[in-house]
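What follows is a short report on a single structure.
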Amino acid sequence: MKGLAQFKSFNFSAFSIGKIFQVVAVGDWNDHDTGNHLGKRITVVITQDDTQYMFKNGQAFTNLFERLTFKVAGDASVAIGDVVIPVDAVARCYGD
């Protein structure tokens, strides 16, 4: 993901404004240690990104077509191709 640094305290609600999240995969979310079923892992792609990011090193960028995975407690009923709107999302960022 690019441009996360401009969100000093990451606010997913602010980050998601102007974005459309489309489902590309749905799978089970199980506890790593116990194997207990916790809910669903919903992988989405950003299919629209109207966010006005600050340029980085003089170059414009976008998060269009970037992937995110949402872990949803319980059994959510979504299908590939659905457009979803995350509610009360909490973000964890890994990597660079």
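Quick note on naming: the chains in the structure tokens go A, B, ... in the order shown, residues restart at 1 in each chain, and ligands are numbered from 1 in order of appearance.
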Write down as a PyMOL selection string the residues belonging to chain A that are assigned strand (DSSP E) by DSSP computed on the backbone.
chain A and resi 19-30+37-49+67-73+83-84
Where in chain A does DSSP assign alpha helix (DSSP H), given as a list in words?
Phe12, Ser13, Ala14, Phe15 and Ser16 of chain A
Give me the residues within 8 Å of range 31-48 of chain A as JSON, numbers by chain, counting only C-alpha atoms and dropping any in the same chain fewer than 2 places off.
{"A": [18, 19, 20, 21, 22, 23, 24, 25, 26, 27, 28, 29, 50, 63, 64, 65, 66, 67, 68, 69, 70, 71, 72, 73, 74, 75, 76]}
